[in-house]
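S.K.: Sharing a structure, written as structure tokens. Questions coming.
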Amino acid sequence: MGNFFNLDNPLFSILNKICDMLFVSIIYIILCLPIFTIGPATTALYYAVVKVIRRERGYISREFFRSFKLNFKRGTIVGLVLTLLFIILTFDLIYAYGLTAPDSNKGSLLMGVFIGITFLLVCFTIYVLPVLSRFDTTIKQLIRTTVYMSMRHMGSTILMVIASALVYIAIYFFQPAIFIAPAAITLINSFLIERVFKKYMPESEGPGEETGKDEWYLE
């Protein structure tokens, strides 16, 4: 019976992770409400989920806000540009759909083109802010690195798109899931994207005790 109340009990560990996921998801949703903060909030969400929930390093709130402040400027720029592009593509898709009635051939062609562009933008979006959370780059390098990773590892990219779509469908049918969905989809996708990241990480210099670095991302 004593083992049940032990804080090292796997059940308590799982419950603690669930609480962390709920907490960081709610904070993320609140910080996304001003719209222009979507970029740095998503960057911080990925960093905190992978470091704290997956790798069990640090505290969820501290790591989240640390990354949020560190990547605020670049994250804001990326987030605003992506938001604008998705808005433009939404109107393009509506326009193309409207053409299918008077001119089905032209409308279908435009619809196919815009759907393809939207898919590529979604692939780019899945990678770009996680890349920002992990690599110290300029905006130009960030774009080039993200495009390369998303296209080079298309198999993983498509799986992450599918996983993200399934989570959004789950939210549609069960709205309360939104309060844990941001952290949940980030955690799920991290198992694929971290495998990609490790291909571009420098080799570990040695144990953390010797280098003074907590190289949790190399584990």
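Naming scheme: A, B, ... for chains in displayed order of the structure tokens; residues 1 onward per chain; ligands 1 onward as shown.
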Residues at most 12 Å from region 173-177 of chain A, counting only C-alpha atoms, excluding those fewer than 5 positions away in the same chain, as a PyMOL selection string?
M.R.: chain A and resi 21-22+25-26+166-168+182-185
S.K.: Okay, now the selection with C-alpha atoms, as a PDB file, in the first residue's frame?
M.R.:
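The result, stored in out21.pdb:
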```pdb
ATOM      1  CA  MET A  21      -0.126  18.970 -20.286  1.00  0.00           C
ATOM      2  CA  LEU A  22      -3.371  20.557 -19.118  1.00  0.00           C
ATOM      3  CA  SER A  25      -2.193  23.805 -23.002  1.00  0.00           C
ATOM      4  CA  ILE A  26      -4.363  26.323 -21.156  1.00  0.00           C
ATOM      5  CA  LEU A 166      -6.981  13.465 -36.218  1.00  0.00           C
ATOM      6  CA  VAL A 167      -6.565  15.632 -33.110  1.00  0.00           C
ATOM      7  CA  TYR A 168      -8.561  18.460 -34.723  1.00  0.00           C
ATOM      8  CA  PRO A 182      -2.135  21.543 -27.891  1.00  0.00           C
ATOM      9  CA  ALA A 183       0.256  19.643 -25.631  1.00  0.00           C
ATOM     10  CA  ALA A 184      -1.049  16.262 -26.808  1.00  0.00           C
ATOM     11  CA  ILE A 185      -0.443  16.859 -30.520  1.00  0.00           C
TER      12      ILE A 185
END
```
S.K.: Can you tell me which residues surround region 107-109 of chain A at a distance of at most 10 Å, considering only C-alpha atoms, apart from same-chain residues fewer than 6 positions away, and format the answer as a VMD selection string?
M.R.: chain A and resid 93 95 to 101 115
S.K.: Can you check which parts of region 110-193 of chain A lie within 12 Å of region 28-41 of chain A? Per residue, the shortest pair of atoms and distance in Å to one decimal, counting only C-alpha atoms, sorted by chain and number, as a Markdown table.
M.R.:
```
| residue | atom | partner | partner_atom | distance |
| --- | --- | --- | --- | --- |
| A:Thr125 | CA | A:Gly39 | CA | 10.2 |
| A:Ile126 | CA | A:Gly39 | CA | 11.8 |
| A:Val128 | CA | A:Gly39 | CA | 9.7 |
| A:Leu129 | CA | A:Gly39 | CA | 7.0 |
| A:Pro130 | CA | A:Gly39 | CA | 10.2 |
| A:Val131 | CA | A:Gly39 | CA | 12.0 |
| A:Leu132 | CA | A:Pro40 | CA | 9.2 |
| A:Ser133 | CA | A:Pro40 | CA | 8.9 |
| A:Ile178 | CA | A:Ile29 | CA | 8.9 |
| A:Phe179 | CA | A:Ile29 | CA | 8.1 |
| A:Ile180 | CA | A:Ile29 | CA | 9.9 |
| A:Ala181 | CA | A:Ile29 | CA | 10.1 |
| A:Pro182 | CA | A:Tyr28 | CA | 7.6 |
| A:Ala183 | CA | A:Tyr28 | CA | 8.8 |
| A:Thr186 | CA | A:Tyr28 | CA | 11.7 |
```
S.K.: Since we have the selection now, will you write its residues out, keeping C-alpha atoms, as a JSON list (two decimals), in the first residue's frame?
M.R.:
```
[["chain", "number", "residue", "atom", "x", "y", "z"],
["A", 125, "THR", "CA", 4.21, 25.14, -40.34],
["A", 126, "ILE", "CA", 4.59, 21.81, -38.53],
["A", 128, "VAL", "CA", 9.19, 25.88, -38.45],
["A", 129, "LEU", "CA", 8.43, 26.78, -34.82],
["A", 130, "PRO", "CA", 9.87, 23.56, -33.36],
["A", 131, "VAL", "CA", 13.01, 24.30, -35.40],
["A", 132, "LEU", "CA", 13.07, 27.82, -33.93],
["A", 133, "SER", "CA", 12.76, 26.39, -30.42],
["A", 178, "ILE", "CA", -9.13, 21.48, -26.64],
["A", 179, "PHE", "CA", -7.80, 22.02, -23.11],
["A", 180, "ILE", "CA", -5.19, 19.27, -23.54],
["A", 181, "ALA", "CA", -4.98, 19.01, -27.34],
["A", 182, "PRO", "CA", -2.13, 21.54, -27.89],
["A", 183, "ALA", "CA", 0.26, 19.64, -25.63],
["A", 186, "THR", "CA", 2.92, 18.46, -29.74]]
```
S.K.: Could you check the closest approach to Phe119 (chain A) for each of A:Val78, A:Leu89, A:Val50, A:Leu84 and tell me which residue wins, using only C-alpha atoms?
M.R.: A:Leu89
S.K.: Could you check how far CA of Lys73 (chain A) sits from CA of Thr118 (chain A), in Å to one decimal?
M.R.: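 Between these atoms lies a distance of 25.2 Å.
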S.K.: Quick one: residues within 8 Å of Ser156 (chain A), only C-alpha atoms counted, chain neighbours fewer than 4 positions away excluded, as a list in words?
M.R.: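 In the requested format, the answer is Met160, Leu192 and Ile193 of chain A.
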S.K.: Using only C-alpha atoms, find each residue in region 172-198 of chain A having at least one atom no more than 12 Å away from region 143-150 of chain A; report its shortest atom-to-atom pair and that distance in Å (one decimal), rows by chain then rising number, as JSON lines.
M.R.:
```
{"residue": "A:Leu192", "atom": "CA", "partner": "A:Ser150", "partner_atom": "CA", "distance": 11.6}
{"residue": "A:Ile193", "atom": "CA", "partner": "A:Met149", "partner_atom": "CA", "distance": 9.5}
{"residue": "A:Glu194", "atom": "CA", "partner": "A:Met149", "partner_atom": "CA", "distance": 11.6}
{"residue": "A:Arg195", "atom": "CA", "partner": "A:Met149", "partner_atom": "CA", "distance": 11.3}
{"residue": "A:Val196", "atom": "CA", "partner": "A:Met149", "partner_atom": "CA", "distance": 7.6}
{"residue": "A:Phe197", "atom": "CA", "partner": "A:Met149", "partner_atom": "CA", "distance": 8.7}
{"residue": "A:Lys198", "atom": "CA", "partner": "A:Met149", "partner_atom": "CA", "distance": 11.7}
```
S.K.: With only C-alpha atoms as the atoms that count, which of A:Thr157, A:Asn71, A:Ser190, A:Thr43 lies nearest to Cys123 (chain A)?
M.R.: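 Nearest to Cys123 (chain A): A:Thr157.
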S.K.: Among region 7-176 of chain A, which residues does DSSP mark as alpha helix (DSSP H) when it is run on the backbone? Keep the chain and numbering as in the structure and answer as a PyMOL selection string.
M.R.: chain A and resi 10-32+38-48+60-70+72-99+104-134+139-152+154-173
S.K.: Counting only C-alpha atoms, which of A:Thr90, A:Ile18, A:Gly58, A:Thr42 gets nearest to Phe72 (chain A)?
M.R.: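 Checking each of A:Thr90, A:Ile18, A:Gly58, A:Thr42 against Phe72 (chain A), counting only C-alpha atoms, the winner is A:Thr42.
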